[in-house]
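Structure file final-v7.cif; described as mmCIF, C-alpha atoms.
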```cif
data_work
loop_
_atom_site.label_atom_id
_atom_site.label_comp_id
_atom_site.auth_asym_id
_atom_site.auth_seq_id
_atom_site.Cartn_x
_atom_site.Cartn_y
_atom_site.Cartn_z
CA MET A 16 45.31 21.36 -56.19
CA LYS A 17 46.07 18.88 -53.44
CA ALA A 18 44.27 19.13 -50.13
CA ILE A 19 46.50 19.97 -47.15
CA ASN A 20 44.01 18.60 -44.64
CA THR A 21 40.99 16.32 -44.95
CA MET A 22 38.31 14.78 -42.76
CA ARG A 23 35.39 12.44 -43.11
CA LEU A 24 32.25 12.00 -41.02
CA CYS A 25 29.39 9.52 -41.13
CA PHE A 26 26.43 9.74 -38.75
CA ASP A 27 22.78 8.76 -38.34
CA SER A 28 20.20 11.07 -39.92
CA ARG A 29 18.77 12.03 -36.53
CA SER A 30 17.85 15.67 -36.08
CA ALA A 31 19.91 15.76 -32.87
CA ASN A 32 22.99 15.27 -35.09
CA GLU A 33 22.44 18.57 -36.95
CA SER A 34 24.23 20.34 -34.13
CA PHE A 35 27.00 17.72 -34.02
CA ALA A 36 27.63 18.00 -37.78
CA ARG A 37 27.94 21.79 -37.98
CA THR A 38 30.05 21.94 -34.81
CA ALA A 39 32.41 19.22 -36.08
CA VAL A 40 32.92 20.98 -39.43
CA ALA A 41 33.46 24.29 -37.60
CA ALA A 42 36.12 22.69 -35.38
CA PHE A 43 37.88 21.32 -38.48
CA LEU A 44 37.72 24.76 -40.14
CA CYS A 45 39.45 26.37 -37.15
CA GLY A 46 42.73 25.19 -38.69
CA LEU A 47 42.31 28.08 -41.18
CA ASP A 48 41.87 30.63 -38.38
CA PRO A 49 38.55 32.01 -39.66
CA THR A 50 36.82 35.08 -38.26
CA VAL A 51 33.77 34.48 -36.07
CA GLU A 52 31.59 35.59 -38.99
CA GLU A 53 33.19 33.18 -41.44
CA LEU A 54 32.82 30.36 -38.93
CA THR A 55 29.14 31.17 -38.41
CA ASP A 56 28.55 31.35 -42.18
CA VAL A 57 30.01 27.86 -42.67
CA LYS A 58 28.16 26.44 -39.65
CA THR A 59 24.87 27.81 -40.92
CA ALA A 60 25.37 26.51 -44.48
CA VAL A 61 26.32 23.03 -43.18
CA SER A 62 23.28 23.04 -40.90
CA GLU A 63 21.02 23.78 -43.90
CA ALA A 64 22.53 21.01 -46.03
CA VAL A 65 22.42 18.41 -43.24
CA THR A 66 18.82 19.34 -42.38
CA ASN A 67 17.95 18.81 -46.06
CA CYS A 68 19.39 15.26 -45.90
CA ILE A 69 17.36 14.48 -42.77
CA VAL A 70 14.05 16.16 -43.65
CA HIS A 71 13.98 15.68 -47.42
CA GLY A 72 16.56 13.06 -48.44
CA TYR A 73 15.52 10.46 -45.89
CA ARG A 74 12.09 11.93 -44.96
CA GLU A 75 12.88 11.43 -41.27
CA LYS A 76 13.81 7.74 -41.71
CA ILE A 77 17.09 6.86 -40.03
CA ASP A 78 19.94 6.26 -42.46
CA LYS A 79 23.44 7.70 -42.91
CA VAL A 80 24.63 11.20 -43.72
CA TYR A 81 28.20 11.53 -45.05
CA ILE A 82 30.39 14.62 -44.83
CA THR A 83 33.88 15.07 -46.22
CA ALA A 84 35.78 18.33 -45.91
CA ASN A 85 39.04 19.31 -47.60
CA ILE A 86 41.20 22.32 -46.86
CA TYR A 87 43.42 23.61 -49.67
CA SER A 88 46.57 25.70 -49.52
CA ASP A 89 44.82 28.77 -50.91
CA ASN A 90 42.70 28.89 -47.72
CA ARG A 91 39.67 27.26 -49.30
CA ILE A 92 37.44 24.75 -47.59
CA VAL A 93 35.33 22.41 -49.73
CA ILE A 94 32.62 20.49 -47.87
CA LYS A 95 30.61 17.64 -49.42
CA ILE A 96 27.39 16.65 -47.69
CA LYS A 97 25.81 13.50 -49.06
CA ASP A 98 22.75 11.32 -48.50
CA LYS A 99 21.58 8.17 -50.23
CA GLY A 100 17.95 9.21 -49.96
CA CYS A 101 15.13 9.99 -52.36
CA GLY A 102 17.03 12.49 -54.50
CA ILE A 103 15.69 15.62 -56.18
CA GLU A 104 13.74 15.43 -59.45
CA ASP A 105 14.22 19.07 -60.40
CA VAL A 106 17.31 20.58 -58.77
CA LYS A 107 16.74 24.01 -60.31
CA LYS A 108 13.26 24.18 -58.85
CA ALA A 109 14.43 22.90 -55.44
CA MET A 110 16.95 25.73 -55.30
CA GLU A 111 14.37 28.44 -55.92
CA PRO A 112 13.82 30.60 -52.84
CA LEU A 113 10.62 29.73 -50.92
CA PHE A 114 10.13 26.41 -52.76
CA THR A 115 9.59 23.61 -50.24
CA THR A 116 8.06 20.17 -50.27
CA ALA A 117 7.59 20.24 -46.49
CA PRO A 118 5.46 23.28 -45.61
CA GLU A 119 3.73 21.34 -42.80
CA GLU A 120 7.11 21.18 -41.08
CA GLU A 121 7.30 24.98 -41.38
CA ARG A 122 10.28 24.71 -43.66
CA ALA A 123 10.71 28.19 -45.14
CA GLY A 124 12.14 26.91 -48.42
CA LEU A 125 15.20 29.08 -47.93
CA GLY A 126 17.88 26.47 -47.25
CA PHE A 127 19.63 26.75 -50.61
CA ALA A 128 19.21 30.55 -50.66
CA VAL A 129 20.95 30.74 -47.28
CA MET A 130 23.75 28.40 -48.42
CA GLU A 131 24.28 30.44 -51.59
CA SER A 132 24.42 33.74 -49.78
CA LEU A 133 26.86 32.54 -47.10
CA MET A 134 29.24 30.44 -49.24
CA ASP A 135 31.27 31.31 -52.37
CA LYS A 136 30.00 28.32 -54.34
CA VAL A 137 27.15 25.82 -53.91
CA LYS A 138 26.79 22.84 -56.23
CA VAL A 139 24.06 20.21 -56.09
CA PHE A 140 24.26 16.77 -57.66
CA SER A 141 21.19 14.60 -57.38
CA GLN A 142 19.58 11.53 -58.88
CA PRO A 143 16.03 10.45 -57.99
CA GLN A 144 16.04 7.34 -55.74
CA LYS A 145 19.86 7.46 -55.46
CA GLY A 146 20.54 10.49 -53.32
CA THR A 147 21.89 14.01 -53.24
CA THR A 148 25.31 15.56 -52.76
CA VAL A 149 25.72 19.24 -51.92
CA VAL A 150 29.19 20.77 -52.34
CA LEU A 151 29.89 23.95 -50.41
CA GLU A 152 33.00 26.01 -50.99
CA LYS A 153 34.35 29.06 -49.22
CA ARG A 154 37.67 30.85 -49.19
CA ILE A 155 38.66 31.99 -45.73
CA VAL A 156 40.17 35.41 -46.31
CA SER A 157 41.18 36.40 -42.79
CA LYS A 158 44.58 34.77 -42.63
CA GLY A 159 45.72 34.77 -46.24
CA GLU A 160 44.97 38.46 -46.76
CA ASN A 161 45.97 39.92 -43.44
CA ASN A 162 49.01 37.98 -42.45
CA VAL A 163 51.83 38.15 -44.98
CA HIS A 164 54.06 35.96 -42.83
CA ASN A 165 51.66 33.09 -43.17
CA SER A 166 52.81 30.92 -46.02
CA ARG A 167 51.31 27.53 -46.63
CA GLU A 168 52.86 26.81 -50.01
CA MET B 1 17.54 25.29 -26.56
CA ALA B 2 15.02 26.79 -24.20
CA VAL B 3 12.17 29.22 -24.38
CA GLU B 4 10.81 31.20 -21.45
CA ILE B 5 7.35 32.69 -21.77
CA GLN B 6 6.03 35.79 -20.01
CA ILE B 7 2.41 36.81 -20.43
CA LYS B 8 1.43 40.33 -19.37
CA GLU B 9 -1.98 41.72 -20.31
CA ASP B 10 -2.21 41.29 -24.08
CA VAL B 11 1.51 40.84 -24.73
CA VAL B 12 3.31 37.49 -24.94
CA ARG B 13 7.09 37.64 -24.60
CA ALA B 14 9.13 34.63 -25.60
CA TYR B 15 12.77 34.67 -24.50
CA LEU B 16 14.67 32.23 -26.69
CA SER B 17 18.11 30.90 -25.83
CA GLY B 18 20.66 28.46 -27.23
CA GLU B 19 20.60 27.13 -30.79
CA ILE B 20 17.62 27.26 -33.15
CA ASP B 21 17.72 24.55 -35.80
CA HIS B 22 15.29 22.00 -37.27
CA HIS B 23 15.81 19.79 -34.19
CA SER B 24 14.98 22.43 -31.60
CA ALA B 25 12.39 24.44 -33.58
CA ALA B 26 9.52 21.98 -33.12
CA GLN B 27 9.51 22.29 -29.34
CA ILE B 28 9.93 26.07 -29.36
CA ARG B 29 7.02 26.31 -31.78
CA GLU B 30 4.82 24.18 -29.53
CA THR B 31 5.61 26.21 -26.40
CA ILE B 32 5.00 29.57 -28.08
CA ASP B 33 1.80 28.46 -29.79
CA GLU B 34 0.35 27.16 -26.54
CA SER B 35 0.79 30.58 -24.99
CA ILE B 36 -0.66 32.36 -28.04
CA ILE B 37 -3.74 30.16 -27.96
CA GLN B 38 -4.09 30.65 -24.22
CA ALA B 39 -3.57 34.43 -24.16
CA ALA B 40 -4.72 35.53 -27.65
CA PRO B 41 -2.28 38.46 -27.42
CA ALA B 42 -2.22 41.63 -29.52
CA GLU B 43 1.56 41.46 -29.59
CA LEU B 44 4.05 38.61 -29.69
CA ILE B 45 7.58 39.65 -28.81
CA LEU B 46 10.31 37.19 -29.73
CA ASP B 47 13.55 37.97 -27.90
CA PHE B 48 16.72 36.53 -29.45
CA ALA B 49 19.30 38.05 -27.08
CA ARG B 50 20.50 34.66 -25.82
CA VAL B 51 20.34 32.76 -29.11
CA THR B 52 23.80 31.55 -30.12
CA PHE B 53 22.97 29.99 -33.50
CA MET B 54 20.11 30.05 -35.99
CA ASP B 55 19.62 28.59 -39.46
CA SER B 56 16.61 28.85 -41.79
CA SER B 57 14.54 26.80 -39.31
CA GLY B 58 14.39 30.04 -37.33
CA ILE B 59 12.98 31.81 -40.40
CA GLY B 60 10.26 29.15 -40.64
CA LEU B 61 9.57 29.61 -36.95
CA VAL B 62 9.09 33.39 -37.28
CA MET B 63 7.03 33.07 -40.48
CA GLY B 64 4.75 30.49 -38.88
CA ARG B 65 4.16 32.63 -35.77
CA PHE B 66 3.58 35.65 -38.01
CA ARG B 67 0.81 33.75 -39.82
CA LEU B 68 -0.75 32.62 -36.56
CA MET B 69 -0.75 36.17 -35.14
CA GLN B 70 -2.15 37.53 -38.39
CA GLU B 71 -5.25 35.37 -37.96
CA THR B 72 -6.25 37.44 -34.95
CA GLY B 73 -4.83 40.73 -36.23
CA GLY B 74 -1.92 40.68 -33.78
CA LYS B 75 1.63 41.71 -34.55
CA VAL B 76 5.06 40.15 -34.16
CA ILE B 77 8.10 42.00 -32.89
CA LEU B 78 11.63 40.61 -33.14
CA GLN B 79 13.88 41.88 -30.37
CA ASN B 80 17.62 41.90 -29.56
CA LEU B 81 18.80 40.10 -32.69
CA PRO B 82 22.53 39.25 -32.58
CA ALA B 83 24.32 40.30 -35.81
CA PRO B 84 24.53 36.82 -37.42
CA LEU B 85 20.79 36.27 -36.87
CA ARG B 86 20.00 39.68 -38.32
CA LYS B 87 21.91 38.62 -41.45
CA VAL B 88 19.78 35.47 -41.89
CA MET B 89 16.50 37.28 -41.09
CA LYS B 90 17.23 40.03 -43.62
CA LEU B 91 18.13 37.51 -46.26
CA ALA B 92 14.64 36.07 -45.87
CA GLY B 93 13.04 39.51 -45.98
CA LEU B 94 11.65 39.08 -42.47
CA ASP B 95 12.52 42.68 -41.71
CA LYS B 96 9.61 43.55 -44.01
CA LEU B 97 7.22 41.11 -42.34
CA ALA B 98 7.85 41.71 -38.66
CA GLU B 99 9.06 44.71 -36.73
CA ILE B 100 12.72 44.41 -35.73
CA GLN B 101 13.77 46.29 -32.61
#
```
Exercise: express the given structure as structure tokens:
Amino acid sequence: MKAINTMRLCFDSRSANESFARTAVAAFLCGLDPTVEELTDVKTAVSEAVTNCIVHGYREKIDKVYITANIYSDNRIVIKIKDKGCGIEDVKKAMEPLFTTAPEEERAGLGFAVMESLMDKVKVFSQPQKGTTVVLEKRIVSKGENNVHNSRE
Amino acid sequence: MAVEIQIKEDVVRAYLSGEIDHHSAAQIRETIDESIIQAAPAELILDFARVTFMDSSGIGLVMGRFRLMQETGGKVILQNLPAPLRKVMKLAGLDKLAEIQ
């Protein structure tokens, strides 16, 4: 399926940009007319993924975080959040609830659990020393289901 | 993000406002912990009425304060949680750890 709208972001891995990143993605998503709850779900999941890049991927060193988002005609948004940081040795283990490599930072180890519960699909691609890409996908049901006059095909 | 602290007898109330994420959590943590160390309260009340956004950094914040209060046998109460925050807190099982009002 071809995307009907796309965007790309690149920003410094500064913690102050966590707010910028989730707000920018939320603004882009508004094209799909999401409910407040759907918007909050996406914002929260993006915030988790971007925080992972900053805290874990780059270990607080300043480098670049990349986000691309595509909107498809079936009201789906697919968001890719990528860093070129340290990567994850064992993705399965990293995704386990409560597992964290940064307890001193008071990280709860629930980032992936939150992403998985708020989004329809979460995929993680990672290679040690090369970086990590998290792909988040959610179908925005509000418009497609409730408004029969809305046709995007 | 801001946090306003009120200390009355053995109760510390922390009124949080704005967005809680990894960026803002460190400073909130510092402010609350200072007051806990100063007052050694029996109860820590975290009020979320004016919080507009929270990710899992907020869970870490609550869990950390819970541990700190546990050291002195005190308890943590979470107050005025907006619906989206309640969703994230429940997901983490914090409703079993702290009292939610």
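The closest residue to Arg65 (chain B), picked from A:Ala128, A:Arg74, A:Glu121, A:Pro143 and counting all atoms listed in the file, is A:Glu121.
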(message) Which residue is closest to Ile77 (chain A)? Choose from A:Ala64, A:Ala31, A:Val137, A:Val156 and count all atoms listed in the file.
(response)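 Comparing A:Ala64, A:Ala31, A:Val137, A:Val156 against Ile77 (chain A), the winner is A:Ala31.
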(message) Here's the selection I'm unsure about, the PyMOL selection byres ((chain B and resi 14) around 10); applied to the file above, which residues does it give, as a list in words?
(response)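 This file, filtered by the PyMOL selection byres ((chain B and resi 14) around 10), leaves Ala2, Val3, Glu4, Ile5, Gln6, Ile7, Val11, Val12, Arg13, Tyr15, Leu16, Ser17, Ile28, Thr31, Ile32, Ser35, Leu44, Ile45, Leu46, Asp47, Phe48, Leu78 and Gln79 of chain B.
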Taking the file as I've supplied it (selection: the PyMOL selection byres ((chain A) within 7 of (chain B))), which residues are included? Please answer as a PDB file with C-alpha atoms, keeping the file's coordinate frame.
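To be explicit, this is the file written out as selection-v5.pdb:
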```
ATOM      1  CA  SER A  30      17.850  15.670 -36.080  1.00  0.00           C
ATOM      2  CA  ALA A  31      19.910  15.760 -32.870  1.00  0.00           C
ATOM      3  CA  THR A  59      24.870  27.810 -40.920  1.00  0.00           C
ATOM      4  CA  SER A  62      23.280  23.040 -40.900  1.00  0.00           C
ATOM      5  CA  GLU A  63      21.020  23.780 -43.900  1.00  0.00           C
ATOM      6  CA  THR A  66      18.820  19.340 -42.380  1.00  0.00           C
ATOM      7  CA  GLU A 121       7.300  24.980 -41.380  1.00  0.00           C
ATOM      8  CA  ARG A 122      10.280  24.710 -43.660  1.00  0.00           C
ATOM      9  CA  ALA A 123      10.710  28.190 -45.140  1.00  0.00           C
ATOM     10  CA  LEU A 125      15.200  29.080 -47.930  1.00  0.00           C
ATOM     11  CA  GLY A 126      17.880  26.470 -47.250  1.00  0.00           C
TER      12      GLY A 126
END
```
(message) Using all atoms listed in the file - which residues lie no farther than 6 Å from the point (4.5, 39.0, -39.7) in the file's frame? Write them as a VMD selection string.
(response) chain B and resid 66 76 97 to 98
Take the residues that were just selected and, keeping C-alpha atoms, output them as a PDB file, keeping the file's coordinate frame.
```pdb
ATOM      1  CA  PHE B  66       3.580  35.650 -38.010  1.00  0.00           C
ATOM      2  CA  VAL B  76       5.060  40.150 -34.160  1.00  0.00           C
ATOM      3  CA  LEU B  97       7.220  41.110 -42.340  1.00  0.00           C
ATOM      4  CA  ALA B  98       7.850  41.710 -38.660  1.00  0.00           C
TER       5      ALA B  98
END
```
(request) Using all atoms listed in the file, find the one residue out of B:Ala42, B:Met89, B:Leu81, B:Ile37 that sits nearest to Lys8 (chain B). (result)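 Of all the options, B:Ala42 lies closest to Lys8 (chain B).
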(request) Tell me, in Å to one decimal, how far CA of Asn80 (chain B) is from CA of Glu99 (chain B). (result) 11.5 Å
Applied to this file, what does the PyMOL selection byres ((chain A and resi 134) around 9) return in terms of residues, put as a PDB file with C-alpha atoms, in the coordinates of the input?
```pdb
ATOM      1  CA  ASP A  56      28.550  31.350 -42.180  1.00  0.00           C
ATOM      2  CA  VAL A  57      30.010  27.860 -42.670  1.00  0.00           C
ATOM      3  CA  ALA A  60      25.370  26.510 -44.480  1.00  0.00           C
ATOM      4  CA  VAL A 129      20.950  30.740 -47.280  1.00  0.00           C
ATOM      5  CA  MET A 130      23.750  28.400 -48.420  1.00  0.00           C
ATOM      6  CA  GLU A 131      24.280  30.440 -51.590  1.00  0.00           C
ATOM      7  CA  SER A 132      24.420  33.740 -49.780  1.00  0.00           C
ATOM      8  CA  LEU A 133      26.860  32.540 -47.100  1.00  0.00           C
ATOM      9  CA  ASP A 135      31.270  31.310 -52.370  1.00  0.00           C
ATOM     10  CA  LYS A 136      30.000  28.320 -54.340  1.00  0.00           C
ATOM     11  CA  VAL A 137      27.150  25.820 -53.910  1.00  0.00           C
ATOM     12  CA  LEU A 151      29.890  23.950 -50.410  1.00  0.00           C
ATOM     13  CA  GLU A 152      33.000  26.010 -50.990  1.00  0.00           C
ATOM     14  CA  LYS A 153      34.350  29.060 -49.220  1.00  0.00           C
ATOM     15  CA  ARG A 154      37.670  30.850 -49.190  1.00  0.00           C
TER      16      ARG A 154
END
```
(request) For Ile86 (chain A), please output as a PyMOL selection string all residues within 6 Å (counting all atoms listed in the file; exclusion window: fewer than 2 positions along the same chain). (result) chain A and resi 18-20+91-92
(request) Go through A:Tyr73, A:Tyr81, A:Phe140, A:Tyr87 one by one, measure the shortest atom-to-atom distance of each to Asp105 (chain A) using only C-alpha atoms, and give the residue with the smallest value. (result) A:Phe140
Can you report as lines of an AutoDock Vina configuration file the centre and edge lengths in Å, to one decimal, of an axis-aligned box around the listed atoms of region 101-105 of chain A padded with 6 Å on each side?
```
center_x = 15.4
center_y = 14.5
center_z = -56.4
size_x = 15.3
size_y = 21.1
size_z = 20.0
```
(request) Figure out the distance between CA of Glu111 (chain A) and CA of Gly124 (chain A), please, to one decimal in Å. (result) 8.0 Å
